[in-house]
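For reference, the structure discussed in these notes is given below.
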Amino acid sequence: MIALIHYQAAVLMGSQRWLPPVLLYVTLMGVVIQWDRPLLDSLGVSAAMLLPVAAWLVRISVGAEPTSSRQCTAAAAGPGRVHLSSVLTAYIGASLLGVAGLVYVVSVSDPHSSEGQVNVPVFPAVVAGVLASSACALFGTAVGALCNRPLLRSTAWAVTSTLLGALLVLVVSGSPANAAVRGLVTGSHTGTVNPPWGSAVLSLAVAALATALACTQASRRG
Amino acid sequence: MRLDGVCRRYGRTGPWVLSGVDLSLPEASLVRIEGTNGSGKSTLLRLLAGIDAPTEGRISGRPSSAFVPERFPAALPLTALGFLTYLGRVHGLRRTAAFKAGRDWLERFGAAAYGRTPLSELSKGTSQKVAVAQALMSRPGLLVLDEAWTGLDLPARSVLDRAVAERVADGGTVVFVDHDPRRLDGAPSAIYRVEGGKLFEFEGYATHEPGTAPAGPCVRIEAEGPPGAEPPSGLPGSPLAESIPDGSTLLTAPVPYCDPLLRSLLAANWHVRSVREEFLEESAGPAPETAPAESAEAASAVSPEEAVEAGEQAGEGSTVEAAVESGEPAPAESSEEPPEERVEITEQPAEKSREESGEATR
């Protein structure tokens, strides 16, 4: 699996198709995360922005390999494992982006509540931010895995559903990603840190299920 | 490896591309799949290689597999050697071993100069060489070739023929589709035809029964074992072994098996007297009695490999005779010299394709 991920990462990096989502993330972060913005608020917003970027990265990664070379890797390692490696590669990429985003957020944000009266403890806030970012990266990965090859083949359907799926998961109340982000943003008003443990665990389960479904279908519809 | 009642269709309501396919693929076998365009050959190959799963039925006992697609215009942002190294590692090799195997196979196919070229800049034929190298470098238990010869130049085609024979000699299973009906002529152990979604055993071309003379281009090796010894059992290519009155044995096998056969004989301390290539018609009888006298006239100091290469350059239908000076493999000479200087090419008047072969040689 490690060899496959190395290969997929080399293909993804060389293809330069990762550039648009990464640029989008960097631009949004630059615009939204201003200097001295309240820490918890910034953490919540940066986590939310990671979700569509993760979904987009999955879309790029599962389609990065041309059919002919995918047949070669699939014969060597099995189509399910090849698909899993491409989803994992995208998830790793999204996680790296998330880590960079967190470092940026922590270094520029103001560790106070939104009204500036209550001090926010930085370490618990960062833990909450990591959990929220993980939940969003995992949900984005799940959306990307469900809305692209091999489950959805037509580009129109795949792009539309990836976008809509990422948006819905973010805004519909009741979705764990939404709950994680909201917990941080509302906590920012009072300066209370709500680490979204439940959302992180739930999103891990959802991402695992979605990826497993996509991987079993990789050989049936590959 | 076995296929039991394998069916495949695309989509829930699509027509059955394959239905009720039962197939058993033993180890050390070479299987040819026949069929018209769109008959489901490629689907069957994808199922065999594990790229695709059957809609119904089951496939069991698949060994480590490798697949060569019919077209390999991989627009990957990797160099040829970089791709091979990654694929070698996916196939389970270590990094240095993968790099070395990739380099060696590119060299064997005459594409060593393209190791650092990006895949997207390679010509069709060179890309195909990379695809073939990818499949061969891990010595897979099952090798599936979907028209892998298409696009390769002539020397690379015979390298692939020999590599296929090597896999089979090593105990591997090779399944191939090719539109050239003469591809590996006489060497397959079974031929199947896909027609109307069903798989039939096909009798149209000659298959090679173990221990009989193969039809088509074959190699005849005159060898001498320790006094009174029988030829070693399980020789690559299951050659026909005939005793010659002077005490040596004449082994006849399909041409691509020449190298592994010679290697096995030499490893078993047999002395190789001569190696020549011949084209046998399907109902070929015992060997013609020309061998010993003429081979003695042939020039000396030719290693087995050189003799075979010379034979292949002469083309099908010719008879190339070369005496091997001694049983031990001669140190390889520079193979850039024209083979005519060292190998005598005799033309047998009875053979029809003699003129073609003469032209091919000169």
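Residue numbering restarts at 1 in every chain; chains get A, B, ... in the order shown in the structure tokens, and ligands count up from 1 in that same order.
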Find the residues of chain B that sit at most 10 Å from chain A; for each, write down the nearest two atoms and how far apart they are in Å, to one decimal. Count only C-alpha atoms. Sort by chain, then by number going up, and give it as CSV.
```
residue,atom,partner,partner_atom,distance
B:Arg8,CA,A:Arg220,CA,9.5
B:Arg9,CA,A:Arg220,CA,9.8
B:Tyr10,CA,A:Arg221,CA,7.7
B:Gly11,CA,A:Arg221,CA,8.3
B:Arg46,CA,A:Gln71,CA,8.2
B:Leu47,CA,A:Ser219,CA,9.3
B:Leu48,CA,A:Ala75,CA,9.0
B:Ala49,CA,A:Ala75,CA,5.3
B:Gly50,CA,A:Ala75,CA,5.6
B:Ile51,CA,A:Ala74,CA,5.4
B:Asp52,CA,A:Ser219,CA,4.7
B:Ala53,CA,A:Arg220,CA,5.2
B:Pro54,CA,A:Arg220,CA,7.3
B:Thr55,CA,A:Arg220,CA,7.4
B:Ser64,CA,A:Ala76,CA,6.8
B:Ser65,CA,A:Ala76,CA,5.5
B:Ala66,CA,A:Ala75,CA,5.3
B:Phe67,CA,A:Cys72,CA,5.4
B:Val68,CA,A:Cys72,CA,6.6
B:Pro69,CA,A:Ser68,CA,6.1
B:Glu70,CA,A:Ser68,CA,8.3
B:Arg71,CA,A:Ser68,CA,6.8
B:Phe72,CA,A:Ser68,CA,5.6
B:Pro73,CA,A:Ser68,CA,7.4
B:Ala74,CA,A:Pro66,CA,6.0
B:Ala75,CA,A:Pro66,CA,6.7
B:Leu76,CA,A:Val11,CA,6.5
B:Pro77,CA,A:Gly14,CA,5.0
B:Leu78,CA,A:Val11,CA,7.1
B:Gly82,CA,A:Tyr7,CA,9.5
B:Phe83,CA,A:Tyr7,CA,8.2
B:Thr85,CA,A:Tyr7,CA,9.3
B:Tyr86,CA,A:Tyr7,CA,5.7
B:Leu87,CA,A:Thr73,CA,7.0
B:Gly88,CA,A:Ala3,CA,9.1
B:Arg89,CA,A:Ala3,CA,5.7
B:Val90,CA,A:Ala3,CA,5.4
B:His91,CA,A:Ala76,CA,5.5
B:Gly92,CA,A:Ala3,CA,8.3
B:Leu93,CA,A:Ala3,CA,9.6
B:Arg94,CA,A:Ala3,CA,9.6
B:Arg95,CA,A:Ala3,CA,9.3
B:Ala131,CA,A:Cys72,CA,8.0
B:Val132,CA,A:Cys72,CA,9.9
B:Gln134,CA,A:Cys72,CA,7.9
B:Ala135,CA,A:Cys72,CA,7.6
B:Ser138,CA,A:Ala76,CA,9.4
B:Pro140,CA,A:Ala76,CA,8.8
B:Leu142,CA,A:Ala75,CA,9.7
B:Leu143,CA,A:Ala75,CA,9.5
B:Val144,CA,A:Ala75,CA,9.0
```
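Secondary structure by DSSP on the backbone puts the following residues of range 17-47 of chain A in helix (DSSP H, G or I): Leu19, Pro20, Pro21, Val22, Leu23, Leu24, Tyr25, Val26, Thr27, Leu28, Met29, Gly30, Val31, Val32, Leu39, Leu40, Asp41, Ser42, Leu43, Gly44, Val45, Ser46 and Ala47 of chain A.
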Written file, previous selection with C-alpha atoms, as a PDB file, in the first residue's frame:
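So selection18.pdb came out as:
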```
ATOM      1  CA  LEU A  19      -2.847  23.369  -8.128  1.00  0.00           C
ATOM      2  CA  PRO A  20      -6.416  24.805  -8.482  1.00  0.00           C
ATOM      3  CA  PRO A  21      -7.837  23.396  -5.222  1.00  0.00           C
ATOM      4  CA  VAL A  22      -4.673  24.292  -3.314  1.00  0.00           C
ATOM      5  CA  LEU A  23      -4.684  27.818  -4.742  1.00  0.00           C
ATOM      6  CA  LEU A  24      -8.371  28.124  -3.860  1.00  0.00           C
ATOM      7  CA  TYR A  25      -7.635  27.099  -0.285  1.00  0.00           C
ATOM      8  CA  VAL A  26      -4.667  29.428   0.042  1.00  0.00           C
ATOM      9  CA  THR A  27      -6.615  32.365  -1.431  1.00  0.00           C
ATOM     10  CA  LEU A  28      -9.645  31.789   0.788  1.00  0.00           C
ATOM     11  CA  MET A  29      -7.452  31.490   3.847  1.00  0.00           C
ATOM     12  CA  GLY A  30      -5.646  34.697   2.947  1.00  0.00           C
ATOM     13  CA  VAL A  31      -8.911  36.569   2.445  1.00  0.00           C
ATOM     14  CA  VAL A  32     -10.935  35.161   5.332  1.00  0.00           C
ATOM     15  CA  LEU A  39      -8.780  32.158  17.268  1.00  0.00           C
ATOM     16  CA  LEU A  40     -11.749  29.800  17.647  1.00  0.00           C
ATOM     17  CA  ASP A  41     -13.678  31.522  14.875  1.00  0.00           C
ATOM     18  CA  SER A  42     -10.686  31.268  12.535  1.00  0.00           C
ATOM     19  CA  LEU A  43     -10.158  27.606  13.378  1.00  0.00           C
ATOM     20  CA  GLY A  44     -13.800  26.830  12.570  1.00  0.00           C
ATOM     21  CA  VAL A  45     -13.757  28.709   9.276  1.00  0.00           C
ATOM     22  CA  SER A  46     -10.440  27.191   8.138  1.00  0.00           C
ATOM     23  CA  ALA A  47     -11.769  23.708   8.908  1.00  0.00           C
TER      24      ALA A  47
END
```
Which residues are near Asp178 in chain B? Cut-off 10 Å, only C-alpha atoms, ignore same chain within fewer than 6 positions. Put them as a PyMOL selection string. chain B and resi 32-35+70+145-150+184
Extract, using only C-alpha atoms, all DNA, RNA and protein residues at most 10 Å from range 194-197 of chain B, discarding same-chain residues fewer than 5 positions from it, and format them as a compact mmCIF listing (two decimals) with N, CA, C and O atoms, in the first residue's frame.
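Heads up, here's the output in around-v6.txt:
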```
# COMPACT_ATOMS: atom_id res chain seq x y z
N CYS B 7 -19.57 -15.14 -15.65
CA CYS B 7 -20.36 -14.32 -16.56
C CYS B 7 -20.02 -12.86 -16.32
O CYS B 7 -19.66 -12.48 -15.22
N ARG B 8 -20.13 -12.06 -17.36
CA ARG B 8 -19.84 -10.64 -17.21
C ARG B 8 -20.74 -9.85 -18.12
O ARG B 8 -20.88 -10.16 -19.30
N ARG B 9 -21.38 -8.85 -17.56
CA ARG B 9 -22.07 -7.86 -18.39
C ARG B 9 -21.85 -6.50 -17.79
O ARG B 9 -21.56 -6.37 -16.60
N PRO B 15 -26.25 -6.48 -22.38
CA PRO B 15 -26.15 -7.85 -22.86
C PRO B 15 -24.97 -8.56 -22.20
O PRO B 15 -24.01 -7.93 -21.78
N TRP B 16 -25.09 -9.89 -22.11
CA TRP B 16 -23.98 -10.65 -21.53
C TRP B 16 -22.82 -10.66 -22.50
O TRP B 16 -22.95 -11.11 -23.64
N VAL B 17 -21.69 -10.15 -22.07
CA VAL B 17 -20.48 -10.18 -22.90
C VAL B 17 -19.85 -11.58 -22.83
O VAL B 17 -19.38 -12.12 -23.82
N LEU B 18 -19.88 -12.15 -21.64
CA LEU B 18 -19.39 -13.51 -21.45
C LEU B 18 -20.41 -14.24 -20.58
O LEU B 18 -20.99 -13.64 -19.68
N SER B 19 -20.63 -15.49 -20.88
CA SER B 19 -21.54 -16.24 -20.00
C SER B 19 -21.08 -17.68 -19.87
O SER B 19 -20.65 -18.30 -20.84
N GLY B 20 -21.13 -18.16 -18.67
CA GLY B 20 -20.83 -19.56 -18.40
C GLY B 20 -19.43 -19.98 -18.81
O GLY B 20 -19.24 -21.05 -19.38
N VAL B 21 -18.44 -19.16 -18.52
CA VAL B 21 -17.07 -19.51 -18.90
C VAL B 21 -16.43 -20.38 -17.81
O VAL B 21 -16.32 -19.95 -16.67
N ILE B 33 -5.90 -16.92 -26.69
CA ILE B 33 -7.33 -16.67 -26.78
C ILE B 33 -7.60 -16.06 -28.15
O ILE B 33 -6.95 -15.09 -28.54
N GLU B 34 -8.55 -16.65 -28.87
CA GLU B 34 -8.91 -16.23 -30.20
C GLU B 34 -10.27 -15.55 -30.16
O GLU B 34 -11.04 -15.79 -29.22
N GLY B 35 -10.58 -14.81 -31.18
CA GLY B 35 -11.93 -14.26 -31.28
C GLY B 35 -11.93 -13.04 -32.16
O GLY B 35 -10.90 -12.38 -32.32
N THR B 36 -13.11 -12.71 -32.71
CA THR B 36 -13.20 -11.53 -33.57
C THR B 36 -13.25 -10.28 -32.69
O THR B 36 -13.39 -10.37 -31.47
N GLY B 38 -14.51 -7.35 -30.63
CA GLY B 38 -15.74 -7.17 -29.86
C GLY B 38 -16.36 -8.45 -29.37
O GLY B 38 -17.49 -8.46 -28.90
N SER B 39 -15.64 -9.57 -29.47
CA SER B 39 -16.22 -10.84 -29.06
C SER B 39 -16.13 -11.05 -27.55
O SER B 39 -16.74 -11.96 -27.02
N GLY B 40 -15.39 -10.21 -26.87
CA GLY B 40 -15.28 -10.37 -25.42
C GLY B 40 -13.93 -10.88 -24.97
O GLY B 40 -13.75 -11.21 -23.81
N LYS B 41 -12.97 -10.93 -25.92
CA LYS B 41 -11.62 -11.38 -25.55
C LYS B 41 -11.02 -10.49 -24.47
O LYS B 41 -10.50 -10.98 -23.47
N LEU B 44 -12.51 -10.94 -21.15
CA LEU B 44 -12.01 -12.16 -20.52
C LEU B 44 -10.61 -11.94 -19.94
O LEU B 44 -10.32 -12.35 -18.82
N PHE B 202 -10.27 -24.46 -29.10
CA PHE B 202 -10.18 -24.19 -30.53
C PHE B 202 -9.11 -25.08 -31.15
O PHE B 202 -8.02 -25.21 -30.61
```
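Using only C-alpha atoms, the nearest neighbour of Gly198 in chain A within the list A:Ala135, A:Ala158, A:Asn148, A:Gly140 is A:Ala135.
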